[in-house]
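Here is coords_12.txt, consisting of compact mmCIF, C-alpha atoms:
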```txt
# COMPACT_ATOMS: atom_id res chain seq x y z
CA MET I 1 70.35 68.03 87.91
CA ASN I 2 69.03 66.01 85.00
CA ASN I 3 67.55 68.81 82.92
CA ILE I 4 70.59 71.10 82.47
CA LYS I 5 70.88 72.49 78.93
CA LEU I 6 73.50 75.21 79.47
CA ILE I 7 76.44 75.56 81.85
CA ALA I 8 78.19 78.84 82.68
CA PHE I 9 81.65 78.72 84.26
CA ASP I 10 83.63 81.24 86.21
CA LEU I 11 87.30 81.41 85.20
CA ASP I 12 89.79 82.38 87.92
CA GLY I 13 89.61 79.99 90.85
CA THR I 14 87.29 77.67 88.92
CA LEU I 15 89.09 76.62 85.74
CA LEU I 16 92.43 78.35 86.30
CA ASP I 17 94.67 78.91 89.29
CA SER I 18 95.78 82.39 88.28
CA VAL I 19 96.67 83.98 91.62
CA PRO I 20 100.47 83.84 91.17
CA ASP I 21 100.38 85.89 87.95
CA LEU I 22 97.76 88.31 89.29
CA ALA I 23 99.79 88.78 92.45
CA ASP I 24 102.98 89.42 90.47
CA ALA I 25 101.28 92.09 88.38
CA ALA I 26 99.67 93.72 91.43
CA ASP I 27 102.95 93.70 93.37
CA LYS I 28 104.88 95.21 90.44
CA THR I 29 102.23 97.92 90.19
CA MET I 30 102.48 98.85 93.84
CA GLN I 31 106.28 98.88 93.74
CA ALA I 32 106.29 101.02 90.58
CA LEU I 33 104.13 103.52 92.44
CA GLY I 34 106.44 103.47 95.46
CA LEU I 35 103.75 101.88 97.63
CA PRO I 36 103.78 98.80 99.89
CA GLY I 37 103.83 95.57 97.89
CA VAL I 38 101.26 92.79 98.05
CA THR I 39 101.53 89.04 98.58
CA GLU I 40 99.85 86.07 96.92
CA ALA I 41 97.87 85.46 100.10
CA GLN I 42 96.50 88.99 100.04
CA VAL I 43 95.59 88.85 96.37
CA GLN I 44 93.89 85.48 96.80
CA ALA I 45 91.64 87.07 99.43
CA TRP I 46 90.96 90.15 97.28
CA ILE I 47 90.13 88.79 93.82
CA GLY I 48 86.66 88.03 92.50
CA ASN I 49 85.22 91.45 91.70
CA GLY I 50 87.34 92.34 88.68
CA ALA I 51 90.68 94.06 88.18
CA GLU I 52 89.51 97.54 89.15
CA ILE I 53 88.36 96.41 92.58
CA LEU I 54 91.46 94.23 93.03
CA ILE I 55 93.75 97.20 92.44
CA GLY I 56 91.61 99.37 94.66
CA ARG I 57 92.09 96.83 97.42
CA ALA I 58 95.83 96.69 96.78
CA LEU I 59 96.04 100.47 97.04
CA SER I 60 93.93 100.37 100.20
CA GLN I 61 95.85 97.35 101.59
CA SER I 62 92.45 95.99 102.60
CA ILE I 63 89.44 94.18 101.17
CA ASP I 64 87.50 97.33 102.04
CA LEU I 65 88.30 100.18 99.68
CA ASP I 66 89.68 103.35 101.24
CA PRO I 67 86.89 105.94 100.84
CA GLU I 68 89.57 108.61 100.30
CA LEU I 69 91.32 106.66 97.52
CA ASP I 70 92.43 109.07 94.79
CA PRO I 71 90.45 108.17 91.61
CA ALA I 72 93.29 109.36 89.36
CA LEU I 73 95.80 107.17 91.22
CA HIS I 74 93.37 104.27 91.04
CA GLN I 75 93.03 104.54 87.27
CA ARG I 76 96.78 104.98 86.80
CA ALA I 77 97.44 101.90 88.91
CA LEU I 78 94.82 99.90 87.00
CA ALA I 79 96.44 100.74 83.66
CA MET I 80 99.84 99.70 85.04
CA PHE I 81 98.42 96.46 86.41
CA ASN I 82 96.81 95.57 83.08
CA ARG I 83 100.12 96.17 81.31
CA PHE I 84 102.15 94.13 83.80
CA TYR I 85 99.59 91.31 83.71
CA GLN I 86 99.63 91.17 79.92
CA GLU I 87 103.41 91.38 79.70
CA GLY I 88 103.80 88.60 82.28
CA GLY I 89 102.42 86.05 79.85
CA HIS I 90 100.50 84.08 82.49
CA GLN I 91 103.55 81.86 82.98
CA LYS I 92 102.53 80.76 86.48
CA THR I 93 98.84 80.18 85.76
CA ILE I 94 97.72 76.55 85.52
CA LEU I 95 94.53 74.62 84.82
CA TYR I 96 93.10 72.91 87.86
CA PRO I 97 93.19 69.09 87.81
CA GLY I 98 90.48 67.49 85.70
CA VAL I 99 89.33 70.68 84.00
CA LYS I 100 90.22 69.84 80.41
CA GLU I 101 89.03 66.24 80.66
CA THR I 102 85.72 67.28 82.18
CA LEU I 103 85.12 70.05 79.65
CA GLU I 104 85.90 67.57 76.87
CA ALA I 105 83.36 65.10 78.24
CA LEU I 106 80.69 67.80 78.44
CA HIS I 107 81.57 69.00 74.94
CA GLN I 108 81.37 65.48 73.51
CA ALA I 109 77.93 65.12 75.07
CA GLY I 110 76.81 68.26 73.23
CA MET I 111 76.47 70.47 76.31
CA PRO I 112 76.55 74.20 75.43
CA MET I 113 78.96 76.06 77.72
CA ALA I 114 79.87 79.68 78.44
CA ILE I 115 82.40 81.67 80.43
CA VAL I 116 81.07 84.32 82.82
CA THR I 117 83.98 85.99 84.58
CA ASN I 118 84.64 89.34 86.20
CA LYS I 119 88.10 89.41 84.60
CA PRO I 120 88.34 92.17 81.93
CA PHE I 121 87.35 90.69 78.58
CA GLN I 122 90.58 91.77 76.87
CA PHE I 123 92.49 89.02 78.68
CA VAL I 124 89.98 86.18 78.47
CA PRO I 125 89.99 84.87 74.86
CA HIS I 126 93.79 84.74 74.77
CA ILE I 127 94.01 82.90 78.09
CA LEU I 128 91.39 80.36 77.02
CA ALA I 129 93.28 79.75 73.77
CA GLU I 130 96.62 79.58 75.58
CA TYR I 131 95.37 76.73 77.74
CA GLY I 132 93.60 74.94 74.90
CA ILE I 133 90.03 75.28 76.16
CA ASP I 134 88.67 78.14 74.03
CA HIS I 135 86.79 75.85 71.62
CA TYR I 136 84.57 74.53 74.40
CA PHE I 137 82.70 77.79 74.93
CA ALA I 138 79.91 79.22 72.80
CA ASP I 139 80.00 82.51 74.69
CA VAL I 140 82.72 84.37 76.57
CA ILE I 141 81.56 87.15 78.88
CA GLY I 142 84.04 89.33 80.74
CA GLY I 143 83.55 91.70 83.62
CA ASP I 144 83.22 94.66 81.28
CA THR I 145 81.17 92.99 78.53
CA PHE I 146 77.89 94.21 79.99
CA PRO I 147 76.97 97.19 82.19
CA LYS I 148 76.75 94.90 85.23
CA LYS I 149 78.89 92.01 86.42
CA LYS I 150 78.56 89.27 89.02
CA PRO I 151 77.00 89.13 91.57
CA ASP I 152 74.43 90.83 89.34
CA PRO I 153 72.60 88.19 87.25
CA TYR I 154 72.64 90.30 84.05
CA ALA I 155 74.99 87.97 82.13
CA LEU I 156 73.09 84.85 83.18
CA HIS I 157 69.77 86.34 82.07
CA TRP I 158 71.40 87.27 78.75
CA LEU I 159 72.63 83.72 78.24
CA MET I 160 69.26 82.21 79.07
CA GLU I 161 67.55 84.47 76.59
CA LYS I 162 70.12 83.81 73.86
CA HIS I 163 70.04 80.03 74.27
CA CYS I 164 66.28 79.86 74.94
CA VAL I 165 66.62 77.97 78.21
CA SER I 166 64.74 78.42 81.46
CA CYS I 167 66.40 79.20 84.76
CA LYS I 168 66.00 75.57 85.84
CA GLU I 169 67.82 74.43 82.71
CA MET I 170 70.93 76.47 83.44
CA LEU I 171 73.82 75.77 85.82
CA MET I 172 76.45 78.20 87.11
CA VAL I 173 79.76 76.70 88.27
CA GLY I 174 82.11 78.84 90.34
CA ASP I 175 84.27 79.19 93.42
CA SER I 176 83.06 82.52 94.81
CA ARG I 177 80.02 83.91 96.55
CA ASN I 178 79.69 86.24 93.57
CA ASP I 179 78.96 83.19 91.40
CA VAL I 180 76.46 81.82 93.90
CA LEU I 181 74.69 85.15 94.39
CA ALA I 182 74.43 85.74 90.64
CA ALA I 183 72.93 82.30 90.08
CA GLN I 184 70.54 82.64 92.99
CA ALA I 185 69.39 86.03 91.70
CA ALA I 186 68.76 84.43 88.30
CA SER I 187 67.04 81.43 89.95
CA CYS I 188 69.58 79.09 88.32
CA TYR I 189 71.22 76.05 89.79
CA VAL I 190 74.72 76.66 91.13
CA VAL I 191 77.67 74.45 92.04
CA GLY I 192 80.29 75.82 94.41
CA LEU I 193 83.89 74.59 94.27
CA THR I 194 85.88 74.48 97.48
CA TYR I 195 89.41 74.86 96.05
CA GLY I 196 89.18 78.36 94.58
CA TYR I 197 89.12 81.90 95.89
CA ASN I 198 86.29 83.11 98.09
CA TYR I 199 87.68 85.86 100.30
CA GLY I 200 88.93 83.25 102.75
CA GLN I 201 85.42 81.95 103.48
CA PRO I 202 84.02 78.44 102.85
CA ILE I 203 81.92 78.40 99.69
CA SER I 204 79.33 76.36 101.59
CA ASP I 205 78.50 79.49 103.59
CA SER I 206 76.85 80.91 100.44
CA ASN I 207 74.52 77.89 100.16
CA PRO I 208 75.07 76.70 96.59
CA ASP I 209 72.92 73.78 95.43
CA ARG I 210 75.95 71.49 95.48
CA VAL I 211 79.47 71.78 96.88
CA LEU I 212 82.27 69.94 95.07
CA THR I 213 85.88 69.47 96.05
CA GLN I 214 87.09 68.48 92.56
CA PHE I 215 86.14 69.81 89.15
CA SER I 216 85.70 66.32 87.70
CA GLN I 217 82.87 65.66 90.17
CA LEU I 218 80.75 67.89 87.96
CA LEU I 219 80.16 64.85 85.74
CA ASP I 220 78.45 63.17 88.69
CA VAL I 221 76.12 66.15 89.08
CA VAL I 222 75.06 66.81 85.49
CA THR I 223 73.16 64.09 83.70
CA LEU I 224 74.49 63.70 80.15
CA SER I 225 72.46 62.10 77.41
```

What is this file in structure tokens?
Amino acid sequence: MNNIKLIAFDLDGTLLDSVPDLADAADKTMQALGLPGVTEAQVQAWIGNGAEILIGRALSQSIDLDPELDPALHQRALAMFNRFYQEGGHQKTILYPGVKETLEALHQAGMPMAIVTNKPFQFVPHILAEYGIDHYFADVIGGDTFPKKKPDPYALHWLMEKHCVSCKEMLMVGDSRNDVLAAQAASCYVVGLTYGYNYGQPISDSNPDRVLTQFSQLLDVVTLS
């Protein structure tokens, strides 16, 4: 990949291991509603489609949403989750090994970078700043920034148009099939990371262009001038 001019990164499961804090907030929500709690293992298998779907899965106790799920309960639970997650302060969330060093190397080489996550936007800028990586990204796109989110390629098309790059000059880096499907739909290159969250399935099953086991290996994939 020697012609990449823009890299888009997923957030949870790619840059940050955030499951413990998400699981805490989801569990507190369920308990506050008098419903069965959830575990980290469950939440790790359920995240990737945004907070609304995550809470729907917690209420359903399944990755498949209960078709009879009460919409009012769903929205009430989502509001509670957002409050618990914000109040928790992300104390258990950590950067994956090599993330900051790799982003710094890309930044020093003049590589434009963006965040494309399904996490609600309200949480993203603060989290990036909290972990000292906010200054690396020219654009930050949350799950509710645009009408459509991953696996829809809407955000990737928007970035390509804004930065005047072609699909073969853009790379998506993520840990989930949603990242791979979005990139494939946009005809972009995509790197899949094995260490994140992908509904318990190997990321290789989604056929990304490259599969990496460590974030720092990205520097071996992208040719820097």

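Considering all atoms listed in the file, the residue among I:Met170, I:Val19, I:Val116, I:Val211 positioned nearest to I:Lys92 is I:Val19.
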
Quiz item: Excluding same-chain residues fewer than 5 positions from I:Lys168, what lies within 10 Å of it counting only C-alpha atoms, as an MDAnalysis selection string?
Solution: chainID I and resid 1 3:6 186:189

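Remark: for I:Ser206, the closest of the candidate residues I:Val191, I:Val165, I:Ala41, I:Leu33 is I:Val191 (distances computed over all atoms listed in the file).
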
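Each of I:Leu16, I:Ala58, I:Ile53, I:Ala72 was checked against I:Met30 using only C-alpha atoms; the smallest atom-to-atom distance is that of I:Ala58.
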
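The closest residue to I:Ala32, picked from I:Pro20, I:Ile133, I:Gln61, I:Arg76 and counting only C-alpha atoms, is I:Arg76.
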
Quiz prompt | Selection near I:Ala138, 7 Å with only C-alpha atoms, sequence-local residues under 2 positions removed, as a PyMOL selection string | solution = chain I and resi 112-114+136+140

Practice problem: Would you kindly return, as a list in words, each protein, DNA or RNA residue with an atom no farther than 10 Å from any atom of I:His74, considering only C-alpha atoms and excluding same-chain residues fewer than 6 positions away? | Solution: Glu52, Ile53, Ile55, Gly56, Arg57, Ala58, Leu59, Ser60 and Met80 of chain I

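Remark: for I:Tyr131, the closest of the candidate residues I:Gln108, I:Gln86, I:Thr93, I:Thr145 is I:Thr93 (distances computed over all atoms listed in the file).
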
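Going from atom CA of I:Asn2 over to atom CA of I:Val173, you cover 15.5 Å.
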
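Counting only C-alpha atoms, the residue from I:Pro125, I:Pro151, I:Pro208, I:Pro97 that sits nearest to I:Leu15 is I:Pro97.
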
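The interatomic distance for the pair atom CA of I:Gly174 and atom CA of I:Gly196 works out to 8.3 Å.
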
Exercise. Using all atoms listed in the file, find all polymer residues with an atom at most 6 Å away from the point (82.1, 75.3, 99.4); report them as a ChimeraX atom specification.
Key: /I:192-194,202-204,211

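Close contacts of I:Ile47, defined as residues with an atom at most 9 Å away when counting all atoms listed in the file, with chain neighbours fewer than 4 positions off set aside, comprise Asp12, Val19, Leu22, Gln42, Val43, Ala51, Ile53, Leu54, Tyr197, Asn198 and Tyr199 of chain I.
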
How would the residues just chosen look if you wrote them out with C-alpha atoms as a PDB file, keeping the file's coordinate frame?
```
ATOM      1  CA  ASP I  12      89.790  82.380  87.920  1.00  0.00           C
ATOM      2  CA  VAL I  19      96.670  83.980  91.620  1.00  0.00           C
ATOM      3  CA  LEU I  22      97.760  88.310  89.290  1.00  0.00           C
ATOM      4  CA  GLN I  42      96.500  88.990 100.040  1.00  0.00           C
ATOM      5  CA  VAL I  43      95.590  88.850  96.370  1.00  0.00           C
ATOM      6  CA  ALA I  51      90.680  94.060  88.180  1.00  0.00           C
ATOM      7  CA  ILE I  53      88.360  96.410  92.580  1.00  0.00           C
ATOM      8  CA  LEU I  54      91.460  94.230  93.030  1.00  0.00           C
ATOM      9  CA  TYR I 197      89.120  81.900  95.890  1.00  0.00           C
ATOM     10  CA  ASN I 198      86.290  83.110  98.090  1.00  0.00           C
ATOM     11  CA  TYR I 199      87.680  85.860 100.300  1.00  0.00           C
TER      12      TYR I 199
END
```
